[in-house]
Amino acid sequence: MTTVAELSASRELLANLVSRELRGKYKRSTLGWAWSLINPLALAAMFTLVFSVVFAAEAPRGNPSGLKFFPLHLLCALLPWTFLSSGMTGSIASLTTNANLVKKVYFPREVLVGSAVLALVVTLVIEMSVLAVALLIAGNNVLPWLPMVVVLLALQTAFVVGLGLALSVLNVYFRDIQHFLTIFLQLWFYASPVIYPIRLVEEAIATTTALDGVPAMAIYKFNPMVGFIQSYRALLYDLRFPDWADLGWVTAASLGTLVLGWKVFQRFEPRLAEEL
Amino acid sequence: MGDVAVRVEGVHKRFRLYAERNQSLKAAMMRGGRAKYDEFWALRDVDLEIPAGSTFALIGENGSGKSTLLKCMARILRPDRGRITVAGKVSALLELGAGFHPELSGRENVYLNASILGLSRKQVDKRFDEIVDFAGLDQFIDSPVKNYSSGMYVRLGFSVAINVDPDVLLVDEVLAVGDETFQRRCNEKFAELKEQGKTIVVVSHALGIVRTMCDSAAWLEHGVIREIGTPAQLIDDYIEMTHPEREEVLDEETGEDAGVRWGSGEAQVERIELLDADGMPTRQVRMGDRVTWRFHYRAHQSLPKAVFGFGLHRLDGVHVSGINSRESFSLAEINGPGHVDFTSDRLPLLPGTYDVTAAIHSWDNLETWDHRNKALRFDVEPGLPREAEGVVVLHGEWTPHPGP
């Protein structure tokens with residue numbers, strides 16, 4: 001059984017694996033670290049072109065910030081979303097790609113999942129810093145809200161690690177999971193208010209008579225990513241404290257997922273070396 | 001001393017053998033659960049106590065469960081029943097350089113690998129020079145390991161693993177890495193660790209090494225411990241038990257004419273026998289034993305002054321010896337059947353597998369009547385002296401002359 005004490009003793013290993021991940025990733029590319037910025041920017045540019053220009057979608061006006069700029073509104077949600085999606089894709093494969101290590105050396109295996117996610121946290125922090133600078137230039141003084149953003153990041157990390165722990169170990173037994181994940185992430189993307197403002201969902205629910213009496217908004221908000229994105233946008237785009245209900249649910253869901261994920265991991269971990 | 005370093009109590013390990021291993025949800029749903037599997041007990045009720053400071057060997061044939069047991073000790077596999085307790089820090093040499101990242105430099109990989117094995121950054125800092133020195137990679141340490149030769153890769157892996165400074169070192173057949181110089185250094189390192197009172201557990205097929213290096217050994221057979229004792233006793237029993245089967249296989253598979261045969265055929269070597277000290281035919285002998293090779297021949301006509309030739313090749317092709325009977329005897333005439341013996345009072349061959357070549361030819365060597373290349377294969381098992389290396393053992397005398 002991996003104990004908490006053992007995990008804390010592996011902090012250094014975790015740090016080293018994270019740095020292996022990060023250094024190995026961009027080792028032979030000319031642009032190197034710049035790629036971690038180019039990717040989300042390219043994505044943001046594409047979405048802006050399609051939705052803001054072609055579909056003529058308008059970004060909501062930040063309240064109380066007064067900011068109204070589609071790409072920034074998008075990026076506040078897109079960056080956390082990319083973290084979730086690449087965090088899940090990365091951690092789900094972390095055990096199978098390191099099969100050789102798992103079969104030959106003993107160390108707490110959770111570290112592999114943890115390092116896959118933490119490497120992305122590092123990337124996310126860089127991206128968020130760049131976003132914060134962009135917001136400052138656009139006139140949004142996000143500085144007072146950054147500590148809360150860090151809390152949100154920590155919660156989201158717990159959420160992703162929890163999902164990653166459970167999925168990575170299940171993926172060893174059913175390799176289909178990683179293929180299924182691709183589809184599921186697409187679905188999840190559209191079920192979260194990344195490219196659209198949540199106001200559109202509220203309006204759609206209100207005007208759909210078939211949904212009368214159905215707690216549709218509660219169902220929609222069951223997805224913790226809704227709460228995360230709303231909170232990030234509140235802090236960075238609107239410059240106000242997030243909704244307490246969102247924050248509460250996000251906290252509960254993250255910690256719950258982490259505990260549950262770790263339980264699943266421990267349940268299946270003993271036979272890992274022979275099943276891989 | 002007197003403490004137990006590794007205690008194995010009633011350990012069972014079960015493996016699942018999947019008849020059809022398609023790890024997919026569809027397959028799982030169709031069967032209403034996980035894939036069907038057969039169970040296979042790799043270890044059954046294994047009890048073992050390895051005293052601290054000793055060097056312990058696990059021997060047994062392939063599939064006997066010795067590597068599984070070692071992996072259980074290393075905590076890579078978890079026993080299904082029973083308990084294994086290891087006192088102190090464990091390091092396992094199962095695969096060298098596991099976890100090296102090809103794009104990172106040797107230096108970065110040393111730190112990474114060492115932390116996987118449980119060393120802190122400070123500890124690596126202290127030992128870094130020693131590690132690099134031992135691997136002999138000073139000038140390459142800052143180039144990516146993907147540019148390393150496989151030898152360099154393994155040497156670096158070994159060097160890191162051995163410098164983890166474990167209390168218990170688990171070794172699985174990795175002694176056979178690197179060139180001779182590196183091997184010698186490894187063996188010195190093992191001796192050094194042994195001297196420091198570290199416990200070493202080895203899984204090995206190299207019975208010679210086990211005999212010389214280990215204090216005690218356990219012999220596993222089909223997942224059950226068959227015998228625990230001193231290596232000398234155990235290996236004798238083991239060879240006795242396992243080799244009769246092997247002899248038959250050899251007879252069937254290689255026959256007696258694995259090699260090439262030529263000659264004009266006036267006389268023929270019909271059969272070659274290997275006889276032990278008691279004159280009994282055998283296919284395996286021990287280093288230092290008295291052995292006789294008997295060549296049964298038949299001359300189809302009267303032939304004057306026949307010369308018998310005897311050649312010996314090691315399995316890897318090294319020509320160990322070639323000798324003939326011309327300087328020993330000269331037969332006036334051979335006609336019909338007969339045999340000649342070639343005897344070595346103390347077999348000077350090191351453990352290994354050898355092939356015998358036999359020939360009959362005329363005194364002037366112009367006519368080869370029969371030449372049978374590599375016609376008999378036999379094994380030499382470790383014997384006396386226990387510590388020897390090279391191609392052959394010279395049976396000489398050591399005489400000390402102390403004083404000025």
# chains A, B, ... in the order shown; residues from 1 in each chain; ligands from 1
>>> interface_residues(of="chain A", to="chain B", cutoff="9 Å", atoms="only C-alpha atoms", output="VMD selection string")
chain A and resid 9 to 10 12 to 14 16 to 17 20 23 to 24 27 to 28 98 100 to 107 171 to 177 270 to 275
>>> residues_around(residues="segment 149-155 of chain A", least_positions_apart="4", cutoff="7 Å", atoms="only C-alpha atoms", output="number ranges by chain")
A: 145, 159, 232, 251, 254
>>> atom_distance(atom1="atom CA of Ser204 of chain B", atom2="atom CA of Lys13 of chain B")
20.4 Å
>>> closest_residue(among="B:Ala42, B:Leu48, B:Ala277, B:Ile59", to="Trp219 of chain B", atoms="only C-alpha atoms")
B:Ile59
>>> atom_distance(atom1="atom CA of Leu181 of chain A", atom2="atom CA of Ala44 of chain A")
22.7 Å
>>> residues_around(residues="segment 73-86 of chain A", least_positions_apart="5", cutoff="7 Å", atoms="only C-alpha atoms", output="number ranges by chain")
A: 40, 44, 59, 120, 124, 160, 185, 194-195, 229, 232-233, 236-237
>>> residues_around(residues="Thr97 of chain A", least_positions_apart="6", cutoff="10 Å", atoms="only C-alpha atoms", output="list of chain:residue names")
A:Gly90, A:Ser91, A:Leu112, A:Leu276
>>> write_last_selection(atoms="N, CA and C atoms", output="PDB file, in the first residue's frame")
ATOM      1  N   GLY A  90      -2.637  12.952 -21.107  1.00  0.00           N
ATOM      2  CA  GLY A  90      -1.278  12.641 -20.676  1.00  0.00           C
ATOM      3  C   GLY A  90      -1.237  11.649 -19.527  1.00  0.00           C
ATOM      4  N   SER A  91      -2.101  11.834 -18.549  1.00  0.00           N
ATOM      5  CA  SER A  91      -2.015  10.947 -17.394  1.00  0.00           C
ATOM      6  C   SER A  91      -2.567   9.563 -17.703  1.00  0.00           C
ATOM      7  N   LEU A 112       3.924   8.733 -11.310  1.00  0.00           N
ATOM      8  CA  LEU A 112       3.902   8.851 -12.769  1.00  0.00           C
ATOM      9  C   LEU A 112       2.734   9.712 -13.231  1.00  0.00           C
ATOM     10  N   LEU A 276       0.683  -4.925 -17.194  1.00  0.00           N
ATOM     11  CA  LEU A 276       1.157  -3.998 -18.230  1.00  0.00           C
ATOM     12  C   LEU A 276       1.747  -4.744 -19.410  1.00  0.00           C
TER      13      LEU A 276
END
>>> residues_around(residues="Ala5 of chain B", least_positions_apart="6", cutoff="12 Å", atoms="only C-alpha atoms", output="PyMOL selection string")
chain B and resi 48-56+73+84-90+166-170+197-201
>>> residues_around(residues="Gly136 of chain B", least_positions_apart="6", cutoff="12 Å", atoms="only C-alpha atoms", output="NGL selection string")
:B and (106 or 129-130 or 151-159 or 178-179 or 181-182 or 185)
>>> write_last_selection(atoms="N, CA and C atoms", output="compact mmCIF listing (two decimals), in the first residue's frame")
# COMPACT_ATOMS: atom_id res chain seq x y z
N GLY B 106 23.65 12.29 -20.14
CA GLY B 106 24.01 11.30 -19.13
C GLY B 106 23.89 11.87 -17.73
N ASP B 129 30.69 11.88 -9.03
CA ASP B 129 31.98 11.58 -9.66
C ASP B 129 32.28 10.09 -9.64
N GLU B 130 31.95 9.49 -8.51
CA GLU B 130 32.17 8.05 -8.37
C GLU B 130 31.36 7.27 -9.40
N GLY B 151 26.62 -0.68 -24.64
CA GLY B 151 27.51 -0.96 -23.52
C GLY B 151 27.59 0.20 -22.55
N MET B 152 27.73 1.41 -23.11
CA MET B 152 27.82 2.60 -22.26
C MET B 152 26.54 2.80 -21.46
N TYR B 153 25.45 2.57 -22.12
CA TYR B 153 24.13 2.73 -21.53
C TYR B 153 23.99 1.84 -20.29
N VAL B 154 24.34 0.57 -20.51
CA VAL B 154 24.21 -0.40 -19.44
C VAL B 154 25.19 -0.11 -18.31
N ARG B 155 26.39 0.34 -18.69
CA ARG B 155 27.40 0.63 -17.68
C ARG B 155 26.94 1.77 -16.78
N LEU B 156 26.36 2.78 -17.40
CA LEU B 156 25.88 3.91 -16.60
C LEU B 156 24.75 3.46 -15.68
N GLY B 157 23.85 2.64 -16.24
CA GLY B 157 22.73 2.13 -15.44
C GLY B 157 23.22 1.33 -14.25
N PHE B 158 24.19 0.48 -14.51
CA PHE B 158 24.74 -0.35 -13.44
C PHE B 158 25.40 0.53 -12.38
N SER B 159 26.14 1.49 -12.86
CA SER B 159 26.89 2.34 -11.95
C SER B 159 25.97 3.11 -11.02
N GLY B 178 28.66 -5.66 -20.31
CA GLY B 178 29.89 -4.94 -20.56
C GLY B 178 31.04 -5.84 -20.97
N ASP B 179 32.16 -5.19 -21.20
CA ASP B 179 33.32 -5.97 -21.62
C ASP B 179 33.99 -6.59 -20.39
N THR B 181 36.75 -5.95 -18.80
CA THR B 181 37.25 -5.02 -17.79
C THR B 181 36.11 -4.59 -16.87
N PHE B 182 34.98 -4.24 -17.50
CA PHE B 182 33.85 -3.78 -16.71
C PHE B 182 33.31 -4.91 -15.84
N ARG B 185 35.37 -5.21 -12.85
CA ARG B 185 35.08 -4.14 -11.89
C ARG B 185 33.77 -4.41 -11.15
>>> residues_around(residues="segment 52-58 of chain A", least_positions_apart="6", cutoff="9 Å", atoms="only C-alpha atoms", output="number ranges by chain")
A: 68-71, 196
>>> write_last_selection(atoms="N, CA and C atoms", output="JSON list (two decimals), in the first residue's frame")
[["chain", "number", "residue", "atom", "x", "y", "z"],
["A", 68, "LYS", "N", -14.63, 44.05, -23.17],
["A", 68, "LYS", "CA", -15.46, 43.34, -24.15],
["A", 68, "LYS", "C", -14.55, 42.97, -25.31],
["A", 69, "PHE", "N", -13.97, 41.77, -25.24],
["A", 69, "PHE", "CA", -13.02, 41.38, -26.27],
["A", 69, "PHE", "C", -13.04, 39.86, -26.38],
["A", 70, "PHE", "N", -13.50, 39.37, -27.53],
["A", 70, "PHE", "CA", -13.74, 37.93, -27.69],
["A", 70, "PHE", "C", -12.52, 37.06, -27.37],
["A", 71, "PRO", "N", -11.34, 37.32, -27.97],
["A", 71, "PRO", "CA", -10.20, 36.42, -27.71],
["A", 71, "PRO", "C", -9.86, 36.29, -26.22],
["A", 196, "TYR", "N", -18.71, 29.47, -25.88],
["A", 196, "TYR", "CA", -19.92, 30.28, -25.80],
["A", 196, "TYR", "C", -20.06, 30.79, -24.37]]
>>> atom_distance(atom1="atom CA of Leu136 of chain A", atom2="atom CA of Leu72 of chain A")
11.1 Å
>>> select_by_dssp(residues="segment 38-286 of chain B", states="helix (DSSP H, G or I)", output="PyMOL selection string")
chain B and resi 66-73+106-116+121-135+138-140+145-147+150-162+180-195+207-213+231-254
>>> write_last_selection(atoms="C-alpha atoms", output="short mmCIF file (atom, residue, chain, number, x, y, z; two decimals), in the first residue's frame")
data_model
loop_
_atom_site.label_atom_id
_atom_site.label_comp_id
_atom_site.auth_asym_id
_atom_site.auth_seq_id
_atom_site.Cartn_x
_atom_site.Cartn_y
_atom_site.Cartn_z
CA LYS B 66 13.13 -17.46 -9.05
CA SER B 67 12.80 -14.16 -10.90
CA THR B 68 9.23 -13.83 -9.64
CA LEU B 69 10.45 -14.27 -6.10
CA LEU B 70 13.12 -11.65 -6.66
CA LYS B 71 10.55 -9.22 -8.05
CA CYS B 72 8.36 -9.83 -5.03
CA MET B 73 11.30 -8.96 -2.80
CA GLY B 106 24.01 11.30 -19.13
CA ARG B 107 24.28 13.76 -16.27
CA GLU B 108 20.56 14.51 -16.19
CA ASN B 109 19.78 10.83 -16.44
CA VAL B 110 22.05 9.97 -13.53
CA TYR B 111 20.05 12.33 -11.32
CA LEU B 112 16.75 11.10 -12.69
CA ASN B 113 17.61 7.42 -12.42
CA ALA B 114 19.06 7.84 -8.94
CA SER B 115 15.91 9.54 -7.74
CA ILE B 116 13.81 6.73 -9.17
CA ARG B 121 19.79 15.22 -5.03
CA LYS B 122 22.32 15.87 -2.30
CA GLN B 123 23.24 12.22 -2.10
CA VAL B 124 23.75 12.08 -5.84
CA ASP B 125 25.89 15.23 -5.74
CA LYS B 126 28.19 13.46 -3.33
CA ARG B 127 28.46 10.31 -5.41
CA PHE B 128 28.28 11.78 -8.88
CA ASP B 129 31.98 11.58 -9.66
CA GLU B 130 32.17 8.05 -8.37
CA ILE B 131 29.22 7.02 -10.52
CA VAL B 132 30.64 8.53 -13.69
CA ASP B 133 34.07 7.22 -12.91
CA PHE B 134 32.84 3.71 -12.36
CA ALA B 135 30.95 3.77 -15.64
CA ASP B 138 33.76 11.11 -18.14
CA GLN B 139 33.89 12.61 -21.59
CA PHE B 140 30.39 11.56 -22.62
CA VAL B 145 22.21 8.98 -23.82
CA LYS B 146 20.61 8.17 -27.16
CA ASN B 147 24.09 8.59 -28.61
CA SER B 150 24.47 -0.15 -25.63
CA GLY B 151 27.51 -0.96 -23.52
CA MET B 152 27.82 2.60 -22.26
CA TYR B 153 24.13 2.73 -21.53
CA VAL B 154 24.21 -0.40 -19.44
CA ARG B 155 27.40 0.63 -17.68
CA LEU B 156 25.88 3.91 -16.60
CA GLY B 157 22.73 2.13 -15.44
CA PHE B 158 24.74 -0.35 -13.44
CA SER B 159 26.89 2.34 -11.95
CA VAL B 160 23.89 4.32 -10.72
CA ALA B 161 22.16 1.26 -9.32
CA ILE B 162 25.21 0.00 -7.48
CA GLU B 180 35.73 -8.00 -19.54
CA THR B 181 37.25 -5.02 -17.79
CA PHE B 182 33.85 -3.78 -16.71
CA GLN B 183 32.81 -7.25 -15.61
CA ARG B 184 35.86 -7.51 -13.45
CA ARG B 185 35.08 -4.14 -11.89
CA CYS B 186 31.51 -5.29 -11.23
CA ASN B 187 32.72 -8.39 -9.50
CA GLU B 188 35.11 -6.32 -7.43
CA LYS B 189 32.24 -4.04 -6.51
CA PHE B 190 30.14 -6.99 -5.42
CA ALA B 191 33.01 -8.29 -3.32
CA GLU B 192 33.35 -4.83 -1.80
CA LEU B 193 29.64 -4.66 -0.95
CA LYS B 194 29.88 -8.10 0.54
CA GLU B 195 32.76 -7.01 2.69
CA LEU B 207 26.50 -21.95 -11.46
CA GLY B 208 30.22 -21.29 -11.40
CA ILE B 209 29.68 -17.77 -10.11
CA VAL B 210 27.10 -18.95 -7.60
CA ARG B 211 29.51 -21.54 -6.29
CA THR B 212 32.32 -19.10 -5.76
CA MET B 213 30.39 -15.99 -4.70
CA PRO B 231 25.92 -23.64 -2.92
CA ALA B 232 28.36 -26.51 -3.31
CA GLN B 233 25.90 -29.10 -2.05
CA LEU B 234 22.95 -27.54 -3.82
CA ILE B 235 24.63 -27.23 -7.18
CA ASP B 236 25.83 -30.82 -7.08
CA ASP B 237 22.29 -31.99 -6.42
CA TYR B 238 20.91 -29.60 -8.99
CA ILE B 239 23.21 -30.76 -11.75
CA GLU B 240 22.53 -34.36 -10.90
CA MET B 241 18.79 -33.77 -10.99
CA THR B 242 18.54 -31.66 -14.08
CA HIS B 243 21.09 -33.14 -16.39
CA PRO B 244 19.98 -36.68 -17.21
CA GLU B 245 17.09 -35.14 -19.11
CA ARG B 246 19.38 -32.82 -20.90
CA GLU B 247 21.63 -35.62 -22.03
CA GLU B 248 18.81 -37.38 -23.78
CA VAL B 249 17.77 -34.22 -25.49
CA LEU B 250 21.27 -33.66 -26.65
CA ASP B 251 21.54 -37.16 -28.01
CA GLU B 252 18.38 -36.76 -29.94
CA GLU B 253 18.88 -33.26 -31.13
CA THR B 254 22.50 -33.09 -32.03
#
>>> closest_residue(among="B:Trp363, B:Trp41, B:Tyr354, B:Phe295", to="Arg314 of chain B", atoms="only C-alpha atoms")
B:Tyr354
